[in-house]
$ cat protein.txt   # compact mmCIF, C-alpha atoms
# COMPACT_ATOMS: atom_id res chain seq x y z
CA MET A 25 -4.12 -8.07 -15.98
CA LEU A 26 -3.49 -5.12 -13.71
CA VAL A 27 -3.50 -1.55 -14.97
CA PRO A 28 -2.61 1.65 -13.11
CA GLY A 29 -5.52 3.39 -11.44
CA ARG A 30 -5.65 6.49 -9.27
CA VAL A 31 -2.61 8.02 -7.59
CA TYR A 32 -2.40 9.86 -4.27
CA LEU A 33 0.29 11.84 -2.48
CA PHE A 34 -0.75 13.07 0.94
CA ARG A 35 0.26 13.58 4.52
CA ILE A 36 -1.23 11.62 7.41
CA PRO A 37 -2.20 13.89 10.32
CA GLU A 38 -0.04 13.77 13.42
CA GLY A 39 -1.14 11.33 16.07
CA LYS A 40 -2.81 8.81 13.77
CA GLU A 41 -1.87 5.12 13.90
CA ILE A 42 -0.34 4.61 10.48
CA ILE A 43 -1.51 1.10 9.52
CA GLU A 44 -5.08 1.75 10.61
CA PHE A 45 -5.09 5.09 8.76
CA LEU A 46 -3.86 3.47 5.55
CA ARG A 47 -6.39 0.66 5.82
CA GLU A 48 -9.23 3.10 6.36
CA PHE A 49 -7.95 5.22 3.49
CA ALA A 50 -8.03 2.22 1.15
CA GLU A 51 -11.52 1.32 2.35
CA LYS A 52 -12.84 4.88 2.00
CA GLU A 53 -11.36 5.22 -1.50
CA ASN A 54 -12.37 1.67 -2.42
CA ILE A 55 -8.83 0.70 -3.38
CA LYS A 56 -8.73 -3.07 -3.71
CA VAL A 57 -5.19 -3.43 -5.06
CA GLY A 58 -2.33 -0.97 -4.89
CA ILE A 59 1.15 -0.19 -3.76
CA ILE A 60 2.22 2.19 -1.02
CA SER A 61 5.43 3.99 -0.17
CA ALA A 62 6.05 6.55 2.54
CA ILE A 63 8.64 8.52 4.44
CA GLY A 64 8.34 10.52 7.63
CA THR A 65 8.79 10.09 11.34
CA LEU A 66 7.07 7.57 13.65
CA ARG A 67 6.69 7.44 17.40
CA ASN A 68 6.99 4.15 19.30
CA PRO A 69 6.81 1.88 16.25
CA VAL A 70 6.15 -1.81 16.73
CA ILE A 71 7.74 -4.10 14.16
CA GLY A 72 7.43 -7.80 13.54
CA TYR A 73 9.86 -10.55 12.61
CA PHE A 74 8.23 -13.69 11.26
CA MET A 75 9.47 -16.84 12.99
CA GLU A 76 9.24 -19.62 10.45
CA GLU A 77 9.26 -22.46 12.95
CA GLU A 78 6.75 -20.92 15.34
CA LYS A 79 4.66 -19.71 12.37
CA LYS A 80 4.02 -16.37 13.98
CA TYR A 81 5.41 -12.88 14.32
CA LYS A 82 7.70 -11.87 17.14
CA GLU A 83 6.88 -8.27 18.01
CA ILE A 84 9.64 -5.77 18.69
CA SER A 85 8.55 -2.52 20.35
CA LEU A 86 10.79 0.46 19.74
CA THR A 87 10.54 3.38 22.12
CA GLY A 88 10.81 6.99 21.07
CA THR A 89 10.86 8.81 17.76
CA TYR A 90 12.32 7.18 14.66
CA GLU A 91 12.83 8.54 11.18
CA LEU A 92 10.68 6.51 8.78
CA LEU A 93 13.40 5.83 6.20
CA SER A 94 11.17 3.73 4.00
CA LEU A 95 7.76 2.19 4.08
CA SER A 96 7.12 -0.26 1.24
CA GLY A 97 3.86 -2.06 1.03
CA ASN A 98 0.78 -3.07 -0.81
CA ILE A 99 -2.98 -3.14 -0.58
CA SER A 100 -4.92 -6.30 -1.36
CA LEU A 101 -8.04 -8.01 -0.06
CA LYS A 102 -8.31 -10.11 3.07
CA ASP A 103 -11.67 -11.39 4.23
CA GLY A 104 -13.14 -9.29 1.43
CA LYS A 105 -11.78 -5.99 2.74
CA PRO A 106 -8.73 -3.87 1.90
CA PHE A 107 -5.69 -5.03 3.83
CA VAL A 108 -2.38 -3.19 4.13
CA HIS A 109 0.89 -5.12 4.27
CA ALA A 110 3.90 -2.88 4.86
CA HIS A 111 7.53 -3.23 5.85
CA VAL A 112 9.52 -0.36 7.28
CA VAL A 113 13.07 0.77 7.85
CA LEU A 114 13.52 3.12 10.80
CA GLY A 115 16.44 5.32 11.86
CA ASP A 116 17.35 6.28 15.40
CA SER A 117 19.07 9.43 16.70
CA GLU A 118 22.50 7.94 15.97
CA GLY A 119 21.59 7.08 12.36
CA ARG A 120 21.36 3.36 13.02
CA ALA A 121 18.71 1.48 11.07
CA PHE A 122 16.11 -1.01 12.30
CA GLY A 123 13.11 -2.53 10.69
CA GLY A 124 10.54 -5.23 10.18
CA HIS A 125 6.96 -5.93 9.26
CA LEU A 126 5.04 -2.84 10.40
CA VAL A 127 2.63 -3.77 13.17
CA ARG A 128 1.79 -0.24 14.23
CA GLY A 129 3.24 3.18 14.84
CA GLU A 130 2.05 6.66 15.72
CA VAL A 131 2.53 9.25 13.03
CA PHE A 132 4.56 12.34 13.75
CA VAL A 133 4.95 12.95 10.01
CA ALA A 134 4.06 10.62 7.15
CA GLU A 135 4.19 11.57 3.47
CA VAL A 136 2.49 8.77 1.60
CA PHE A 137 2.27 7.78 -2.06
CA VAL A 138 -0.42 5.32 -3.13
CA GLN A 139 -0.75 3.87 -6.63
CA GLU A 140 -4.01 2.03 -7.21
CA LEU A 141 -3.90 -1.02 -9.49
CA GLU A 142 -7.09 -2.06 -11.26
CA GLY A 143 -8.30 -4.94 -13.39
CA GLU A 144 -8.02 -7.88 -11.05
CA THR A 145 -8.09 -8.51 -7.34
CA LEU A 146 -5.57 -10.19 -5.08
CA GLU A 147 -7.03 -12.01 -2.11
CA ARG A 148 -4.99 -13.10 0.88
CA LYS A 149 -5.72 -16.62 2.06
CA PRO A 150 -4.26 -18.47 5.04
CA THR A 151 -1.32 -20.76 4.22
CA GLU A 152 0.35 -23.62 6.03
CA HIS A 153 3.14 -21.19 7.00
CA GLY A 154 0.86 -19.17 9.21
CA LEU A 155 0.86 -16.26 6.76
CA ALA A 156 -1.99 -14.92 4.65
CA LEU A 157 -0.77 -14.80 1.04
CA TRP A 158 -2.12 -14.32 -2.49
CA MET B 20 11.45 9.51 -23.72
CA LEU B 21 10.20 6.80 -21.39
CA VAL B 22 6.51 6.17 -20.86
CA PRO B 23 4.83 3.79 -18.40
CA GLY B 24 4.12 0.31 -19.73
CA ARG B 25 2.65 -2.74 -18.06
CA VAL B 26 2.39 -3.16 -14.28
CA TYR B 27 2.61 -6.35 -12.25
CA LEU B 28 2.01 -7.25 -8.62
CA PHE B 29 2.74 -10.87 -7.81
CA ARG B 30 4.26 -13.27 -5.35
CA ILE B 31 7.38 -15.29 -6.08
CA PRO B 32 6.96 -18.95 -5.10
CA GLU B 33 8.79 -20.16 -2.01
CA GLY B 34 12.21 -21.61 -2.66
CA LYS B 35 13.05 -19.59 -5.77
CA GLU B 36 16.28 -17.60 -6.00
CA ILE B 37 14.97 -14.04 -6.18
CA ILE B 38 17.37 -12.35 -8.61
CA GLU B 39 17.24 -15.22 -11.10
CA PHE B 40 13.44 -15.32 -10.84
CA LEU B 41 13.15 -11.60 -11.53
CA ARG B 42 15.57 -11.80 -14.48
CA GLU B 43 13.64 -14.70 -15.99
CA PHE B 44 10.38 -12.85 -15.39
CA ALA B 45 11.68 -9.80 -17.28
CA GLU B 46 12.90 -12.03 -20.08
CA LYS B 47 9.66 -14.00 -20.33
CA GLU B 48 7.57 -10.79 -20.33
CA ASN B 49 10.04 -9.05 -22.63
CA ILE B 50 10.52 -6.14 -20.22
CA LYS B 51 13.54 -4.16 -21.37
CA VAL B 52 13.28 -1.25 -18.94
CA GLY B 53 11.45 -1.07 -15.67
CA ILE B 54 11.54 -0.54 -11.96
CA ILE B 55 11.03 -3.11 -9.23
CA SER B 56 10.13 -2.96 -5.58
CA ALA B 57 9.42 -5.81 -3.20
CA ILE B 58 8.88 -6.83 0.40
CA GLY B 59 8.86 -10.25 1.99
CA THR B 60 11.23 -12.62 3.74
CA LEU B 61 14.50 -14.07 2.41
CA ARG B 62 16.59 -17.02 3.52
CA ASN B 63 20.38 -16.83 3.55
CA PRO B 64 20.68 -13.64 1.50
CA VAL B 65 24.04 -12.68 0.02
CA ILE B 66 24.67 -8.95 -0.29
CA GLY B 67 27.47 -7.01 -1.92
CA TYR B 68 29.42 -3.90 -0.99
CA PHE B 69 31.29 -2.30 -3.86
CA MET B 70 34.92 -1.60 -3.02
CA GLU B 71 35.91 1.44 -5.06
CA GLU B 72 39.65 0.82 -4.89
CA GLU B 73 39.49 -2.89 -5.68
CA LYS B 74 36.79 -2.22 -8.31
CA LYS B 75 34.78 -5.22 -7.25
CA TYR B 76 32.08 -6.33 -4.85
CA LYS B 77 32.83 -7.77 -1.45
CA GLU B 78 30.21 -10.41 -0.75
CA ILE B 79 28.59 -10.67 2.65
CA SER B 80 26.67 -13.90 3.34
CA LEU B 81 23.92 -13.67 5.92
CA THR B 82 22.70 -16.86 7.52
CA GLY B 83 19.11 -17.54 8.41
CA THR B 84 15.82 -15.84 7.69
CA TYR B 85 15.61 -12.08 7.24
CA GLU B 86 12.65 -9.81 6.71
CA LEU B 87 12.98 -8.18 3.29
CA LEU B 88 12.31 -4.61 4.42
CA SER B 89 12.80 -3.12 1.00
CA LEU B 90 14.00 -4.17 -2.40
CA SER B 91 14.53 -1.28 -4.81
CA GLY B 92 15.79 -1.94 -8.26
CA ASN B 93 15.52 -1.64 -11.97
CA ILE B 94 15.53 -3.63 -15.18
CA SER B 95 17.69 -2.62 -18.10
CA LEU B 96 19.69 -4.37 -20.80
CA LYS B 97 23.13 -5.91 -20.42
CA ASP B 98 24.66 -7.88 -23.27
CA GLY B 99 21.32 -7.43 -25.03
CA LYS B 100 19.29 -9.20 -22.34
CA PRO B 101 17.19 -8.01 -19.38
CA PHE B 102 19.35 -7.44 -16.33
CA VAL B 103 18.11 -6.84 -12.78
CA HIS B 104 19.96 -4.48 -10.46
CA ALA B 105 18.54 -4.42 -6.95
CA HIS B 106 19.52 -3.21 -3.50
CA VAL B 107 17.94 -4.59 -0.36
CA VAL B 108 17.45 -3.76 3.29
CA LEU B 109 17.05 -6.79 5.55
CA GLY B 110 15.90 -7.12 9.15
CA ASP B 111 17.00 -9.75 11.64
CA SER B 112 15.11 -11.28 14.58
CA GLU B 113 16.13 -8.37 16.83
CA GLY B 114 14.91 -5.74 14.36
CA ARG B 115 18.41 -4.69 13.30
CA ALA B 116 18.83 -3.71 9.67
CA PHE B 117 21.47 -4.81 7.17
CA GLY B 118 21.75 -4.40 3.45
CA GLY B 119 23.65 -4.10 0.23
CA HIS B 120 23.59 -4.86 -3.45
CA LEU B 121 21.48 -8.03 -3.75
CA VAL B 122 23.63 -10.88 -5.03
CA ARG B 123 21.17 -13.67 -4.30
CA GLY B 124 18.68 -14.93 -1.77
CA GLU B 125 16.15 -17.71 -1.40
CA VAL B 126 12.55 -16.59 -1.30
CA PHE B 127 10.41 -17.49 1.67
CA VAL B 128 7.92 -14.79 0.72
CA ALA B 129 8.32 -12.05 -1.90
CA GLU B 130 5.58 -9.66 -2.96
CA VAL B 131 6.87 -7.85 -6.01
CA PHE B 132 5.76 -4.78 -7.95
CA VAL B 133 7.14 -4.21 -11.44
CA GLN B 134 6.49 -1.12 -13.55
CA GLU B 135 7.59 -1.48 -17.15
CA LEU B 136 8.94 1.62 -18.87
CA GLU B 137 8.76 1.83 -22.64
CA GLY B 138 10.00 4.12 -25.39
CA GLU B 139 13.74 3.81 -25.10
CA THR B 140 16.25 1.27 -23.88
CA LEU B 141 18.98 1.58 -21.30
CA GLU B 142 22.03 -0.56 -21.94
CA ARG B 143 24.62 -1.30 -19.28
CA LYS B 144 28.21 -0.97 -20.51
CA PRO B 145 31.41 -1.66 -18.60
CA THR B 146 33.06 1.42 -17.05
CA GLU B 147 36.52 2.14 -15.72
CA HIS B 148 35.12 1.70 -12.21
CA GLY B 149 34.47 -1.99 -12.72
CA LEU B 150 30.70 -1.43 -12.82
CA ALA B 151 28.32 -1.83 -15.74
CA LEU B 152 26.36 1.40 -16.06
CA TRP B 153 24.02 3.20 -18.49
CA MET C 19 -6.79 15.19 -8.03
CA LEU C 20 -3.34 14.02 -9.01
CA VAL C 21 -2.68 12.09 -12.20
CA PRO C 22 0.56 10.47 -13.37
CA GLY C 23 2.74 12.67 -15.56
CA ARG C 24 6.16 12.04 -17.08
CA VAL C 25 8.50 9.27 -15.93
CA TYR C 26 12.30 9.28 -15.88
CA LEU C 27 14.97 6.67 -15.24
CA PHE C 28 18.50 8.02 -15.35
CA ARG C 29 21.91 8.00 -13.79
CA ILE C 30 23.37 10.98 -11.95
CA PRO C 31 26.97 11.66 -13.02
CA GLU C 32 29.71 10.79 -10.55
CA GLY C 33 30.75 13.61 -8.27
CA LYS C 34 27.44 15.45 -8.17
CA GLU C 35 25.77 16.33 -4.88
CA ILE C 36 22.61 14.24 -5.03
CA ILE C 37 20.01 16.50 -3.40
CA GLU C 38 21.11 19.56 -5.36
CA PHE C 39 21.14 17.54 -8.59
CA LEU C 40 17.61 16.27 -7.99
CA ARG C 41 16.34 19.74 -7.13
CA GLU C 42 17.88 21.21 -10.26
CA PHE C 43 16.49 18.33 -12.31
CA ALA C 44 12.98 19.04 -11.02
CA GLU C 45 13.41 22.74 -11.73
CA LYS C 46 14.80 22.19 -15.25
CA GLU C 47 12.00 19.74 -16.10
CA ASN C 48 9.41 21.90 -14.35
CA ILE C 49 8.25 19.05 -12.11
CA LYS C 50 6.10 20.53 -9.35
CA VAL C 51 4.94 17.29 -7.75
CA GLY C 52 6.43 13.84 -7.99
CA ILE C 53 7.96 10.89 -6.29
CA ILE C 54 11.56 9.74 -6.41
CA SER C 55 13.33 6.49 -5.72
CA ALA C 56 16.98 5.63 -6.22
CA ILE C 57 19.73 3.11 -5.56
CA GLY C 58 23.47 3.43 -5.96
CA THR C 59 26.50 4.36 -3.92
CA LEU C 60 27.19 7.60 -2.04
CA ARG C 61 30.36 9.10 -0.66
CA ASN C 62 30.39 10.87 2.71
CA PRO C 63 26.62 11.12 3.11
CA VAL C 64 25.18 13.47 5.71
CA ILE C 65 21.90 12.37 7.26
CA GLY C 66 19.52 14.09 9.61
CA TYR C 67 17.48 12.97 12.59
CA PHE C 68 14.67 15.33 13.57
CA MET C 69 14.69 16.19 17.24
CA GLU C 70 11.08 16.85 18.22
CA GLU C 71 11.87 18.84 21.35
CA GLU C 72 14.59 21.00 19.80
CA LYS C 73 12.49 21.34 16.61
CA LYS C 74 15.52 20.89 14.38
CA TYR C 75 17.59 18.24 12.66
CA LYS C 76 20.66 16.73 14.24
CA GLU C 77 23.15 16.08 11.45
CA ILE C 78 25.10 12.84 11.31
CA SER C 79 28.10 12.82 8.96
CA LEU C 80 29.14 9.43 7.68
CA THR C 81 32.65 9.05 6.27
CA GLY C 82 33.53 6.90 3.32
CA THR C 83 31.54 5.07 0.68
CA TYR C 84 28.11 3.65 1.43
CA GLU C 85 25.78 1.57 -0.67
CA LEU C 86 22.60 3.57 -1.26
CA LEU C 87 20.15 0.82 -0.32
CA SER C 88 17.10 2.96 -0.82
CA LEU C 89 16.24 6.57 -1.45
CA SER C 90 12.54 7.34 -1.08
CA GLY C 91 11.33 10.83 -1.55
CA ASN C 92 9.09 13.35 -3.15
CA ILE C 93 9.06 16.64 -5.02
CA SER C 94 6.75 19.45 -3.99
CA LEU C 95 6.88 23.22 -3.85
CA LYS C 96 8.55 25.30 -1.18
CA ASP C 97 8.76 29.07 -1.55
CA GLY C 98 7.29 28.55 -5.01
CA LYS C 99 10.13 26.33 -6.24
CA PRO C 100 10.60 22.55 -6.55
CA PHE C 101 11.84 21.07 -3.29
CA VAL C 102 13.17 17.54 -2.78
CA HIS C 103 12.49 15.67 0.45
CA ALA C 104 14.24 12.31 0.63
CA HIS C 105 15.09 9.68 3.21
CA VAL C 106 17.85 7.16 2.67
CA VAL C 107 19.06 3.82 3.94
CA LEU C 108 22.81 3.27 3.58
CA GLY C 109 24.95 0.15 3.91
CA ASP C 110 28.55 0.00 5.07
CA SER C 111 31.31 -2.47 4.15
CA GLU C 112 30.08 -4.92 6.78
CA GLY C 113 26.51 -4.84 5.52
CA ARG C 114 25.22 -2.80 8.45
CA ALA C 115 22.48 -0.31 7.67
CA PHE C 116 22.21 3.35 8.65
CA GLY C 117 19.92 6.10 7.54
CA GLY C 118 18.04 9.32 8.00
CA HIS C 119 16.71 12.38 6.27
CA LEU C 120 19.12 12.96 3.38
CA VAL C 121 20.94 16.25 3.90
CA ARG C 122 23.59 15.73 1.21
CA GLY C 123 25.89 13.15 -0.32
CA GLU C 124 28.32 12.88 -3.21
CA VAL C 125 27.26 10.52 -5.95
CA PHE C 126 29.50 7.65 -6.90
CA VAL C 127 26.58 5.93 -8.64
CA ALA C 128 22.90 6.88 -8.50
CA GLU C 129 20.18 5.26 -10.60
CA VAL C 130 17.09 7.38 -10.16
CA PHE C 131 13.40 6.92 -10.98
CA VAL C 132 11.13 9.96 -10.99
CA GLN C 133 7.36 9.84 -11.47
CA GLU C 134 5.82 13.24 -12.05
CA LEU C 135 2.34 13.82 -10.63
CA GLU C 136 0.14 16.46 -12.24
CA GLY C 137 -3.20 18.11 -11.60
CA GLU C 138 -2.60 19.87 -8.30
CA THR C 139 0.31 21.32 -6.38
CA LEU C 140 1.55 20.61 -2.89
CA GLU C 141 3.16 23.53 -1.12
CA ARG C 142 5.32 23.16 1.95
CA LYS C 143 4.57 25.68 4.68
CA PRO C 144 6.30 26.16 8.02
CA THR C 145 4.61 24.45 10.98
CA GLU C 146 4.85 24.84 14.73
CA HIS C 147 7.02 21.70 14.77
CA GLY C 148 9.85 23.39 12.90
CA LEU C 149 9.16 21.37 9.77
CA ALA C 150 7.84 22.56 6.41
CA LEU C 151 4.83 20.40 5.55
CA TRP C 152 1.91 20.27 3.07
$ encode --input "protein.txt" --output "structure tokens"
Amino acid sequence: MLVPGRVYLFRIPEGKEIIEFLREFAEKENIKVGIISAIGTLRNPVIGYFMEEEKKYKEISLTGTYELLSLSGNISLKDGKPFVHAHVVLGDSEGRAFGGHLVRGEVFVAEVFVQELEGETLERKPTEHGLALW
Amino acid sequence: MLVPGRVYLFRIPEGKEIIEFLREFAEKENIKVGIISAIGTLRNPVIGYFMEEEKKYKEISLTGTYELLSLSGNISLKDGKPFVHAHVVLGDSEGRAFGGHLVRGEVFVAEVFVQELEGETLERKPTEHGLALW
Amino acid sequence: MLVPGRVYLFRIPEGKEIIEFLREFAEKENIKVGIISAIGTLRNPVIGYFMEEEKKYKEISLTGTYELLSLSGNISLKDGKPFVHAHVVLGDSEGRAFGGHLVRGEVFVAEVFVQELEGETLERKPTEHGLALW
């Protein structure tokens, strides 16, 4: 059974790659399971769309600065280490929304909430679909 | 006053209808009030847009596989039983985003966080708008 | 170190301006730090896109009724008072998604979750970018 652990609300410094920062944060804080949400602004985000038939992600590279309208994700273990899985919705200068699996993105601003969950671990394992799942 | 109750982080099996699964989960776990968030991938999601004048939802059926960029929702009581209200943002293969009130959708992948809230109940009652609200 | 405080799940009355309501709610409840999420329906929302070079928000006014697909935000202090920073994703009658920094919007329906965080404060201060950040 999972129980709530530590909570964090912080800003990621400008210029950091967001997924790598979050992964390193989880590793540094020894967070094995948790959930993440964030808002902010990202530069040149790369998002993924999973192609069921091809069993892999198609990457879509967006150019420029996008509002980070939502980042929803979780922390769990993969190969014994903290792994961050996050999906994002992004807004352009006309207010149009885009989004996908977050591959990477440079932080302009990112205000992040992390809720650690303790009591059991979730370990991602490869599946026949080409995805690593609990 | 509400206080935090149990927390859950789990994956819904492939092929399940997401709203029905979440409702049954709340019923099985006897969760009367709570909040839900999820990410994943849905097949053939149906979303709703509430038409104020007509006082009903217009249903929009999307065909194919969409990234579930965010699911935000809550659990409360309706007719004495747990009821799930959720809105979703979905991403297509070009990274474009769509969304609405989640009517239904088949799970390819769904990673779900549920936070139970205890101490009081929230009961949806019909309103003059055609919506069932607390 | 932050620790979880009070939790709230409530509906904002129809006709209220959402950002002002949330700010007043935080002030009335004396919530200095917290996170917010919401779903619902907004009328005539105004969203912002931050222009890095101009160091200010461009405002985009949407007309009509939009599904509030997600509101993700936080409460912190600015000029010593509770301040709400929220980003939204909105859906139109065709299921298309839009979004940005939430400037304002009239509530038709808003179901809101607030999680207070205690133990330290976060104070927004002006930066060289034109944004007020922790």
$ interface_residues --input "protein.txt" --of "chain B" --to "chain C" --cutoff "7 Å" --atoms "only C-alpha atoms" --output "list in words"
Leu21, Val22, Tyr68, Ile79, Ser91, Gly92, His106, Val107, Val108, Ala116, Phe117, Gly118 and Gly119 of chain B
$ calpha_fit_and_write --input "protein.txt" --fixed "chain C" --moving "chain A" --output "tab-separated table (two decimals) with C-alpha atoms, in the coordinates of the input"
chain	number	residue	atom	x	y	z
A	25	MET	CA	-6.79	15.20	-8.03
A	26	LEU	CA	-3.34	14.03	-9.01
A	27	VAL	CA	-2.67	12.09	-12.18
A	28	PRO	CA	0.57	10.47	-13.37
A	29	GLY	CA	2.74	12.66	-15.55
A	30	ARG	CA	6.15	12.04	-17.08
A	31	VAL	CA	8.50	9.29	-15.95
A	32	TYR	CA	12.30	9.28	-15.90
A	33	LEU	CA	14.96	6.66	-15.24
A	34	PHE	CA	18.49	8.01	-15.36
A	35	ARG	CA	21.90	8.00	-13.78
A	36	ILE	CA	23.37	10.98	-11.96
A	37	PRO	CA	26.97	11.66	-13.02
A	38	GLU	CA	29.71	10.81	-10.55
A	39	GLY	CA	30.75	13.61	-8.26
A	40	LYS	CA	27.44	15.45	-8.17
A	41	GLU	CA	25.77	16.33	-4.86
A	42	ILE	CA	22.62	14.25	-5.02
A	43	ILE	CA	20.00	16.51	-3.40
A	44	GLU	CA	21.10	19.56	-5.35
A	45	PHE	CA	21.14	17.54	-8.59
A	46	LEU	CA	17.61	16.26	-7.99
A	47	ARG	CA	16.34	19.73	-7.13
A	48	GLU	CA	17.88	21.21	-10.25
A	49	PHE	CA	16.49	18.34	-12.29
A	50	ALA	CA	12.98	19.04	-11.02
A	51	GLU	CA	13.41	22.75	-11.72
A	52	LYS	CA	14.80	22.18	-15.23
A	53	GLU	CA	12.00	19.74	-16.08
A	54	ASN	CA	9.40	21.89	-14.33
A	55	ILE	CA	8.26	19.04	-12.10
A	56	LYS	CA	6.11	20.53	-9.36
A	57	VAL	CA	4.93	17.29	-7.74
A	58	GLY	CA	6.43	13.83	-8.00
A	59	ILE	CA	7.95	10.88	-6.28
A	60	ILE	CA	11.56	9.74	-6.41
A	61	SER	CA	13.34	6.48	-5.72
A	62	ALA	CA	16.98	5.62	-6.23
A	63	ILE	CA	19.72	3.12	-5.57
A	64	GLY	CA	23.47	3.44	-5.97
A	65	THR	CA	26.50	4.35	-3.93
A	66	LEU	CA	27.18	7.61	-2.04
A	67	ARG	CA	30.36	9.10	-0.66
A	68	ASN	CA	30.40	10.87	2.72
A	69	PRO	CA	26.62	11.12	3.11
A	70	VAL	CA	25.19	13.46	5.71
A	71	ILE	CA	21.90	12.36	7.25
A	72	GLY	CA	19.52	14.08	9.61
A	73	TYR	CA	17.47	12.96	12.59
A	74	PHE	CA	14.67	15.33	13.54
A	75	MET	CA	14.68	16.19	17.24
A	76	GLU	CA	11.09	16.86	18.20
A	77	GLU	CA	11.86	18.85	21.32
A	78	GLU	CA	14.58	21.00	19.79
A	79	LYS	CA	12.50	21.35	16.59
A	80	LYS	CA	15.51	20.89	14.39
A	81	TYR	CA	17.60	18.27	12.65
A	82	LYS	CA	20.65	16.72	14.23
A	83	GLU	CA	23.14	16.08	11.44
A	84	ILE	CA	25.10	12.84	11.31
A	85	SER	CA	28.09	12.82	8.95
A	86	LEU	CA	29.14	9.42	7.67
A	87	THR	CA	32.63	9.05	6.30
A	88	GLY	CA	33.52	6.91	3.32
A	89	THR	CA	31.54	5.08	0.67
A	90	TYR	CA	28.11	3.64	1.44
A	91	GLU	CA	25.79	1.57	-0.69
A	92	LEU	CA	22.60	3.58	-1.26
A	93	LEU	CA	20.15	0.81	-0.33
A	94	SER	CA	17.10	2.97	-0.82
A	95	LEU	CA	16.25	6.57	-1.45
A	96	SER	CA	12.54	7.35	-1.08
A	97	GLY	CA	11.32	10.84	-1.55
A	98	ASN	CA	9.08	13.35	-3.15
A	99	ILE	CA	9.07	16.63	-5.01
A	100	SER	CA	6.74	19.43	-3.98
A	101	LEU	CA	6.88	23.22	-3.84
A	102	LYS	CA	8.55	25.31	-1.17
A	103	ASP	CA	8.77	29.06	-1.54
A	104	GLY	CA	7.30	28.54	-5.00
A	105	LYS	CA	10.13	26.32	-6.23
A	106	PRO	CA	10.59	22.55	-6.53
A	107	PHE	CA	11.84	21.07	-3.28
A	108	VAL	CA	13.16	17.54	-2.78
A	109	HIS	CA	12.48	15.67	0.45
A	110	ALA	CA	14.24	12.31	0.61
A	111	HIS	CA	15.10	9.69	3.19
A	112	VAL	CA	17.85	7.16	2.67
A	113	VAL	CA	19.07	3.82	3.93
A	114	LEU	CA	22.81	3.28	3.58
A	115	GLY	CA	24.96	0.15	3.91
A	116	ASP	CA	28.55	0.01	5.08
A	117	SER	CA	31.31	-2.46	4.15
A	118	GLU	CA	30.10	-4.92	6.80
A	119	GLY	CA	26.50	-4.84	5.52
A	120	ARG	CA	25.23	-2.80	8.45
A	121	ALA	CA	22.48	-0.31	7.68
A	122	PHE	CA	22.20	3.36	8.65
A	123	GLY	CA	19.91	6.09	7.55
A	124	GLY	CA	18.02	9.31	8.01
A	125	HIS	CA	16.70	12.38	6.26
A	126	LEU	CA	19.13	12.97	3.38
A	127	VAL	CA	20.96	16.25	3.90
A	128	ARG	CA	23.58	15.71	1.23
A	129	GLY	CA	25.87	13.15	-0.32
A	130	GLU	CA	28.30	12.88	-3.21
A	131	VAL	CA	27.26	10.52	-5.96
A	132	PHE	CA	29.50	7.65	-6.91
A	133	VAL	CA	26.58	5.94	-8.64
A	134	ALA	CA	22.90	6.87	-8.50
A	135	GLU	CA	20.18	5.25	-10.61
A	136	VAL	CA	17.09	7.37	-10.15
A	137	PHE	CA	13.42	6.91	-10.98
A	138	VAL	CA	11.15	9.96	-10.99
A	139	GLN	CA	7.38	9.84	-11.47
A	140	GLU	CA	5.81	13.24	-12.06
A	141	LEU	CA	2.33	13.82	-10.62
A	142	GLU	CA	0.13	16.45	-12.24
A	143	GLY	CA	-3.20	18.12	-11.57
A	144	GLU	CA	-2.60	19.88	-8.29
A	145	THR	CA	0.31	21.32	-6.38
A	146	LEU	CA	1.56	20.60	-2.89
A	147	GLU	CA	3.17	23.52	-1.13
A	148	ARG	CA	5.33	23.17	1.96
A	149	LYS	CA	4.58	25.70	4.67
A	150	PRO	CA	6.33	26.17	8.02
A	151	THR	CA	4.62	24.45	10.97
A	152	GLU	CA	4.86	24.84	14.71
A	153	HIS	CA	7.03	21.69	14.76
A	154	GLY	CA	9.84	23.38	12.92
A	155	LEU	CA	9.15	21.37	9.76
A	156	ALA	CA	7.84	22.56	6.41
A	157	LEU	CA	4.83	20.40	5.54
A	158	TRP	CA	1.93	20.28	3.06
$ residues_around --input "protein.txt" --residues "Pro144 of chain C" --least-positions-apart "6" --cutoff "12 Å" --atoms "only C-alpha atoms" --output "list in words"
Lys73, Lys96, Asp97, Ala150, Leu151 and Trp152 of chain C
$ residues_near_point --input "protein.txt" --point "(20.4, 11.7, 1.3)" --cutoff "7 Å" --atoms "only C-alpha atoms" --output "list in words"
Ile37, Pro63, Val64, Ile65, Ala104, His105, Val106, His119, Leu120, Val121, Arg122 and Gly123 of chain C
$ atom_distance --input "protein.txt" --atom1 "atom CA of Met25 of chain A" --atom2 "atom CA of Leu141 of chain A"
9.6 Å
